[in-house]
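Right, one structure below, let's go through it.
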Amino acid sequence: MSAESWPPQLKDWVAKCLGQMTDTNRTEAQAELRQVIADAFAAHTLWTTDWAGVQLKALMPQPTPQFNNTNLKRKNNEHSPATKKVKKALKNNGATPSFDPNDRAALDKRAQRFQREHEIEREKSSTSRLGSLASLKANHSHSHLFANSRSTSPFGQSDDPEADPNVMDWDRYTIVGTSQEIFKDYLRLTTEPKPEQIRPYPILQQTLLELKKRFRERTPYNWICSQFKSLRQDLTVQRIKNEFTVQVYEIHGRIALECGDMVEYNQCQATLKTLYELGIPGRVEEFTAYRILMLLHGRNMSELNLYVGQLTPKQKADPAVLHALQVQRALAMGNYHALFALYSSSPNMGAYIMDHFVARERAKALMVITKAYKSIPLSFIHQELAFDGLEQAREFLADHSAAIFTNPGSPDDQKTLDCKPAGTQLNQIFETKYRKVAIKGAI
């Protein structure tokens, strides 16, 4: 009997059966397959049989054996590989262990063992949550955290239905300083703070008054900054967040701006943002204006647009914020005349921030001027770009390799800038000097 003479339906059925065979049933299925085809050939029914409906017994799914009174499954030891110890024991005893699903005593013993394992796992999970707390309590340097406490656990009272047992109740262990020193140099904490090294709230209020007085007396900024950082550290350690805390950060931020310390200013600005979001009152509008000017300095237009879009109409109407928004508009439109008029009339301490990017904008304005004019008096540049004097305007041009005058031997009030060669130099210097903005301590 040649397979070429088989009907197409039979060929498809044979291919289907071969695809369903596995290594475990291949021998039995092939033998049954040959027998079915031979029987059909002998009965002359190869072309009349509905082969799509024929199913080999060897390829039928085998039912899963189930035990009475339990769903547990166990492999027979005769068909599973045993360890060396088990093989040795079986060899010495000369017996083969077997499992009887009807042995009630064995099933009960097995259930008890699983119950004990479940209880052990539950105990492990409950104790692991307090593992870090136990190690902390065992540390002698942290022992005072647990002294005079009503409970050995700092995770809140267990009888409080609203308390989260996984959240540390830090209020119970907040440090209250006892030091009476007015001044203390700043040192970065490397160990747990001790109460005798921390100044309490009344002493910190006296410290702020003395620091304001010392700054007015022209005390060196490095010492003032160290004292303010120490003051901020004592507030943080004692978790003091109130109007006094806001006042400390605002004063330190203004002093840092005046002294050109942008690292400390940005740190104060970042903390003030968090304190304002907590609803603690302060000079919110003033530092909002500073924030806008800092974003203009960094040319971070995406964040600036997002930040300005979140301002309320009341905030936008504040004079300081309105001034900062006008600076933003002047920069966006390239209106250097309006920009330097706003620079000369900056409220609060906004001019100290504008000082950091005014040189860049002066160079851009000069690039525009030198394209529009053939020559321009130095006195016009002095007035238009808000220089402090003619000498400062001339030195700015010299620093940018653009001090090219038609009458270099004349006095400053009579000098005239030769725009074409000066503009060429300005374009080259601008690309190398102002391409990137470096902001120390940026937030």
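Just so we're on the same page: first chain in the structure tokens is A, next is B, and so on; residues restart at 1 for each chain, and ligands are numbered from 1 in the order they show up.
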Can you pull out the residues contacting Ala351 in chain A? Cut-off 10 Å, using only C-alpha atoms, and skip same-chain residues under 6 positions away; I want them as a PyMOL selection string. chain A and resi 257-258+290+293+342-345+358
Can you tell me, as number ranges by chain, what residues are no more than 9 Å from Pro193 in chain A when counting only C-alpha atoms, ignoring any on the same chain fewer than 5 positions away? A: 175, 198, 237
Restrict the selected residues to C-alpha atoms and save them as a PDB file, in the first residue's frame.
ATOM      1  CA  ILE A 175      15.402  65.946  69.810  1.00  0.00           C
ATOM      2  CA  ILE A 198      21.816  71.565  69.778  1.00  0.00           C
ATOM      3  CA  VAL A 237      17.440  68.402  63.612  1.00  0.00           C
TER       4      VAL A 237
END
Counting only C-alpha atoms, which residues of range 270-308 of chain A sit at most 12 Å from some atom of range 318-326 of chain A, and what is each one's closest atom pair with its distance in Å to one decimal, listed by chain and rising residue number, as JSON lines?
{"residue": "A:Arg283", "atom": "CA", "partner": "A:Ala320", "partner_atom": "CA", "distance": 10.8}
{"residue": "A:Val284", "atom": "CA", "partner": "A:Val321", "partner_atom": "CA", "distance": 9.9}
{"residue": "A:Glu285", "atom": "CA", "partner": "A:Val321", "partner_atom": "CA", "distance": 6.3}
{"residue": "A:Glu286", "atom": "CA", "partner": "A:Ala320", "partner_atom": "CA", "distance": 6.0}
{"residue": "A:Phe287", "atom": "CA", "partner": "A:Val321", "partner_atom": "CA", "distance": 8.7}
{"residue": "A:Thr288", "atom": "CA", "partner": "A:Val321", "partner_atom": "CA", "distance": 6.6}
{"residue": "A:Ala289", "atom": "CA", "partner": "A:Val321", "partner_atom": "CA", "distance": 4.6}
{"residue": "A:Tyr290", "atom": "CA", "partner": "A:Ala324", "partner_atom": "CA", "distance": 7.7}
{"residue": "A:Arg291", "atom": "CA", "partner": "A:Ala324", "partner_atom": "CA", "distance": 9.0}
{"residue": "A:Ile292", "atom": "CA", "partner": "A:Ala324", "partner_atom": "CA", "distance": 6.3}
{"residue": "A:Leu293", "atom": "CA", "partner": "A:Ala324", "partner_atom": "CA", "distance": 6.2}
{"residue": "A:Met294", "atom": "CA", "partner": "A:Ala324", "partner_atom": "CA", "distance": 9.9}
{"residue": "A:Leu295", "atom": "CA", "partner": "A:Ala324", "partner_atom": "CA", "distance": 10.5}
{"residue": "A:Leu296", "atom": "CA", "partner": "A:Ala324", "partner_atom": "CA", "distance": 9.2}
{"residue": "A:His297", "atom": "CA", "partner": "A:Ala324", "partner_atom": "CA", "distance": 11.6}
{"residue": "A:Leu304", "atom": "CA", "partner": "A:Leu325", "partner_atom": "CA", "distance": 10.4}
{"residue": "A:Asn305", "atom": "CA", "partner": "A:Leu325", "partner_atom": "CA", "distance": 10.8}
{"residue": "A:Tyr307", "atom": "CA", "partner": "A:Leu325", "partner_atom": "CA", "distance": 11.4}
{"residue": "A:Val308", "atom": "CA", "partner": "A:Leu325", "partner_atom": "CA", "distance": 8.4}
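Each of A:Tyr373, A:Val327, A:Tyr221, A:Thr406 was checked against Ser346 in chain A using only C-alpha atoms; the smallest atom-to-atom distance is that of A:Val327.
When only C-alpha atoms are used to measure the gap to Ile182 in chain A, the shortest distance among A:Asn242, A:Thr370, A:Thr49, A:Gln227 belongs to A:Gln227.
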Picked from range 160-405 of chain A by DSSP as alpha helix (DSSP H), as a PyMOL selection string: chain A and resi 201-216+221-237+243-258+262-277+284-298+301-309+313-317+319-333+336-344+350-354+358-372+378-384+390-399
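Checking A:Glu303, A:Asp388, A:Asp418, A:Asp413 one by one against Lys374 in chain A, counting only C-alpha atoms, you find the shortest gap at A:Asp418.
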Please provide as an MDAnalysis selection string all residues within 8 Å of Ala403 in chain A, with the sequence filter that same-chain residues fewer than 3 positions apart are discarded (counting only C-alpha atoms). chainID A and resid 394:395 397:398 400 417 422
Which residues are close to Pro377 in chain A, i.e. within 9 Å by only C-alpha atoms, leaving aside same-chain residues fewer than 3 positions away? Reply as a ChimeraX atom specification. /A:380-382,413-417
Neighbouring residues of Leu189 in chain A were defined as those with any atom within 12 Å, considering only C-alpha atoms; residues of the same chain fewer than 5 positions away were excluded. Please report them as a ChimeraX atom specification. /A:194,197-198,229-230,233-234,236-237
Taking N, CA, C and O atoms for each residue, export the selection above as a compact mmCIF listing (two decimals), in the first residue's frame.
# COMPACT_ATOMS: atom_id res chain seq x y z
N LYS A 194 23.39 65.10 69.44
CA LYS A 194 23.15 65.01 70.87
C LYS A 194 22.47 66.29 71.35
O LYS A 194 22.79 67.39 70.89
N GLN A 197 24.41 69.44 72.21
CA GLN A 197 25.09 70.15 71.13
C GLN A 197 24.13 70.96 70.27
O GLN A 197 24.57 71.65 69.35
N ILE A 198 22.85 70.88 70.56
CA ILE A 198 21.82 71.56 69.78
C ILE A 198 21.21 72.70 70.59
O ILE A 198 20.93 72.54 71.79
N LYS A 229 24.28 78.45 58.46
CA LYS A 229 24.15 77.02 58.16
C LYS A 229 24.00 76.21 59.44
O LYS A 229 23.23 75.24 59.48
N SER A 230 24.72 76.62 60.49
CA SER A 230 24.57 75.95 61.78
C SER A 230 23.17 76.18 62.36
O SER A 230 22.56 75.27 62.93
N GLN A 233 20.79 74.04 60.51
CA GLN A 233 20.96 72.64 60.91
C GLN A 233 20.23 72.34 62.22
O GLN A 233 19.57 71.30 62.35
N ASP A 234 20.33 73.24 63.19
CA ASP A 234 19.64 73.04 64.46
C ASP A 234 18.13 73.03 64.28
O ASP A 234 17.41 72.29 64.95
N THR A 236 16.60 72.01 61.54
CA THR A 236 16.26 70.76 60.86
C THR A 236 16.28 69.59 61.82
O THR A 236 15.38 68.73 61.80
N VAL A 237 17.30 69.52 62.69
CA VAL A 237 17.44 68.40 63.61
C VAL A 237 16.25 68.35 64.56
O VAL A 237 15.74 67.28 64.91
Shell of 12 Å around Tyr276 in chain A, only C-alpha atoms, local chain residues under 4 positions omitted, as number ranges by chain: A: 241-243, 245-247, 249-250, 268-272, 280-285, 287-288
Next, write the just-selected residues to a file, as a CSV table (one decimal), in the first residue's frame, keeping N, CA, C and O atoms as the atom set.
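This went into part.csv:
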chain,number,residue,atom,x,y,z
A,241,LYS,N,9.5,73.8,61.9
A,241,LYS,CA,9.0,74.3,60.6
A,241,LYS,C,7.9,75.3,60.9
A,241,LYS,O,6.7,74.9,61.1
A,242,ASN,N,8.2,76.6,61.0
A,242,ASN,CA,7.2,77.6,61.3
A,242,ASN,C,7.7,78.9,60.6
A,242,ASN,O,8.6,78.9,59.8
A,243,GLU,N,7.1,80.0,61.0
A,243,GLU,CA,7.4,81.3,60.4
A,243,GLU,C,8.8,81.7,60.7
A,243,GLU,O,9.5,82.4,59.9
A,245,THR,N,11.4,79.7,60.9
A,245,THR,CA,12.2,78.9,60.0
A,245,THR,C,12.2,79.6,58.6
A,245,THR,O,13.3,79.7,58.0
A,246,VAL,N,11.0,80.0,58.2
A,246,VAL,CA,10.9,80.7,56.9
A,246,VAL,C,11.8,82.0,56.9
A,246,VAL,O,12.5,82.3,55.9
A,247,GLN,N,11.7,82.7,58.0
A,247,GLN,CA,12.4,84.0,58.1
A,247,GLN,C,14.0,83.7,58.1
A,247,GLN,O,14.7,84.5,57.4
A,249,TYR,N,15.6,81.2,56.5
A,249,TYR,CA,16.0,80.9,55.1
A,249,TYR,C,15.9,82.1,54.2
A,249,TYR,O,16.7,82.3,53.3
A,250,GLU,N,14.9,83.0,54.4
A,250,GLU,CA,14.7,84.2,53.6
A,250,GLU,C,15.9,85.1,53.8
A,250,GLU,O,16.5,85.7,52.9
A,268,CYS,N,18.7,77.7,49.9
A,268,CYS,CA,17.6,78.4,50.7
A,268,CYS,C,16.4,78.4,49.8
A,268,CYS,O,15.3,78.2,50.4
A,269,GLN,N,16.5,78.7,48.5
A,269,GLN,CA,15.3,78.8,47.7
A,269,GLN,C,14.6,77.4,47.6
A,269,GLN,O,13.4,77.4,47.6
A,270,ALA,N,15.4,76.3,47.5
A,270,ALA,CA,14.7,75.0,47.5
A,270,ALA,C,14.0,74.7,48.8
A,270,ALA,O,12.9,74.1,48.7
A,271,THR,N,14.6,75.0,49.9
A,271,THR,CA,13.9,74.8,51.2
A,271,THR,C,12.6,75.7,51.3
A,271,THR,O,11.6,75.2,51.8
A,272,LEU,N,12.8,76.9,50.9
A,272,LEU,CA,11.6,77.8,51.0
A,272,LEU,C,10.5,77.4,50.1
A,272,LEU,O,9.3,77.5,50.5
A,280,ILE,N,3.1,77.7,55.2
A,280,ILE,CA,3.7,78.6,56.2
A,280,ILE,C,3.9,80.0,55.5
A,280,ILE,O,4.5,80.1,54.5
A,281,PRO,N,3.4,81.0,56.1
A,281,PRO,CA,3.5,82.4,55.5
A,281,PRO,C,4.9,82.9,55.4
A,281,PRO,O,5.8,82.6,56.3
A,282,GLY,N,5.1,83.7,54.4
A,282,GLY,CA,6.4,84.3,54.3
A,282,GLY,C,6.4,85.3,53.1
A,282,GLY,O,5.3,85.6,52.6
A,283,ARG,N,7.6,85.7,52.6
A,283,ARG,CA,7.6,86.6,51.4
A,283,ARG,C,7.6,85.8,50.2
A,283,ARG,O,8.6,85.7,49.4
A,284,VAL,N,6.4,85.2,49.9
A,284,VAL,CA,6.3,84.2,48.8
A,284,VAL,C,6.5,84.9,47.5
A,284,VAL,O,7.2,84.5,46.6
A,285,GLU,N,5.9,86.1,47.3
A,285,GLU,CA,6.0,86.8,46.0
A,285,GLU,C,7.4,87.3,45.7
A,285,GLU,O,7.8,87.2,44.6
A,287,PHE,N,10.3,85.9,46.6
A,287,PHE,CA,11.1,84.8,46.2
A,287,PHE,C,10.5,84.1,45.0
A,287,PHE,O,11.3,83.4,44.3
A,288,THR,N,9.3,84.3,44.6
A,288,THR,CA,8.8,83.8,43.4
A,288,THR,C,9.4,84.6,42.2
A,288,THR,O,9.8,84.1,41.2
Would you mind listing what lies within 9 Å of Leu208 in chain A as number ranges by chain, with only C-alpha atoms counted and same-chain residues fewer than 6 positions away left out? A: 228, 231, 248
Save the residues we just selected, N, CA, C and O atoms, as a JSON list (two decimals), in the first residue's frame?
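As a result, selection_28.json now contains:
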[["chain", "number", "residue", "atom", "x", "y", "z"],
["A", 228, "PHE", "N", 24.84, 80.82, 59.85],
["A", 228, "PHE", "CA", 23.49, 80.59, 59.32],
["A", 228, "PHE", "C", 23.28, 79.11, 58.99],
["A", 228, "PHE", "O", 22.20, 78.56, 59.24],
["A", 231, "LEU", "N", 22.66, 77.40, 62.18],
["A", 231, "LEU", "CA", 21.31, 77.72, 62.65],
["A", 231, "LEU", "C", 20.27, 76.89, 61.90],
["A", 231, "LEU", "O", 19.34, 76.32, 62.50],
["A", 248, "VAL", "N", 14.43, 82.64, 58.71],
["A", 248, "VAL", "CA", 15.86, 82.32, 58.69],
["A", 248, "VAL", "C", 16.31, 82.06, 57.26],
["A", 248, "VAL", "O", 17.34, 82.61, 56.80]]
